[in-house]
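Enquirer: The following block contains the structure, expressed as structure tokens.
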Amino acid sequence: MPKLMNLQEWASEVYSTPPSLSTLRRWVREGRIYPAPELHGKEYRLLPDAVYVDIKKKKYQRITAGQKRARSAGTLLEKLQHGEKATTLRR
């Protein structure tokens with residue numbers, strides 16, 4: 001198993017000018033570091049190959065087949081407004 005690093009060690013290896021510790025902790029809370037760091041005592045530890053993921057630019061969400069069928073049936077608001085026609089509105 002690879003050796004875990006704390007946030008400041010990881011940031012100093014990844015960035016030429018590392019962000020502050022409060023920014024790194026905010027990124028962890030918001031889920032912007034993948035794989036997610038683990039809380040060991042009072043500090044976060046993460047793998048050396050962890051990466052920063054900008055959640056605004058791309059959606060990293062795994063969708064199952066059941067969720068695809070549910071999405072194609074229309075949203076709850078569409079179902080309430082249009083009744084059975086909600087499935088025919090989305091193609």
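By convention in this document, the chains of the structure tokens carry letters A, B, ... by their order, each chain's residues are numbered from 1, and ligands are numbered from 1 in the order they are shown.
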Please provide as a ChimeraX atom specification all residues within 7 Å of range 28-42 of chain A, with the sequence filter that same-chain residues fewer than 6 positions apart are discarded (counting only C-alpha atoms).
Expert: /A:50-55
Enquirer: Dump C-alpha atoms for the selected residues as a PDB file, in the first residue's frame?
Expert:
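To be explicit, this is the file written out as again-v6.pdb:
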ATOM      1  CA  ALA A  50      -4.676  12.058  -5.909  1.00  0.00           C
ATOM      2  CA  VAL A  51      -5.842  14.754  -8.319  1.00  0.00           C
ATOM      3  CA  TYR A  52      -7.866  17.955  -8.136  1.00  0.00           C
ATOM      4  CA  VAL A  53     -11.177  17.669  -9.991  1.00  0.00           C
ATOM      5  CA  ASP A  54     -13.064  20.798 -11.015  1.00  0.00           C
ATOM      6  CA  ILE A  55     -16.659  19.770 -10.443  1.00  0.00           C
TER       7      ILE A  55
END
Enquirer: List every residue of range 5-37 of chain A that DSSP, applied to the backbone of this structure, places in strand (DSSP E), and write the result as number ranges by chain.
Expert: A: 5-6, 33-34
Enquirer: Just to be explicit: take each residue in the selection above, keep N, CA and C atoms, and write the result as a CSV table (one decimal), in the first residue's frame.
Expert:
chain,number,residue,atom,x,y,z
A,5,MET,N,0.0,10.8,2.4
A,5,MET,CA,0.6,12.1,2.7
A,5,MET,C,-0.5,13.0,3.3
A,6,ASN,N,0.0,14.0,4.0
A,6,ASN,CA,-1.0,15.0,4.5
A,6,ASN,C,-1.2,16.0,3.4
A,33,ILE,N,-11.1,16.7,-4.5
A,33,ILE,CA,-9.9,15.9,-4.6
A,33,ILE,C,-10.3,14.5,-4.7
A,34,TYR,N,-9.8,13.8,-5.8
A,34,TYR,CA,-10.1,12.4,-6.0
A,34,TYR,C,-8.9,11.5,-6.1
Enquirer: Mind checking which residues fall within 12 Å of Glu9 in chain A, counting only C-alpha atoms, ignoring those fewer than 6 positions away in the same chain, and posting them as a list in words?
Expert: Lys3, Tyr15, Ser16, Pro18, Pro19, Ser20, Leu21, Leu24, Glu43, Tyr44, Arg45, Leu46, Leu47, Pro48 and Ala50 of chain A
Enquirer: With only C-alpha atoms as the basis for distance, which of A:Ser22, A:Asp49, A:Leu80, A:Lys57 is at the shortest distance from Gln8 in chain A?
Expert: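 Going through A:Ser22, A:Asp49, A:Leu80, A:Lys57 one by one, the smallest distance to Gln8 in chain A is for A:Ser22.
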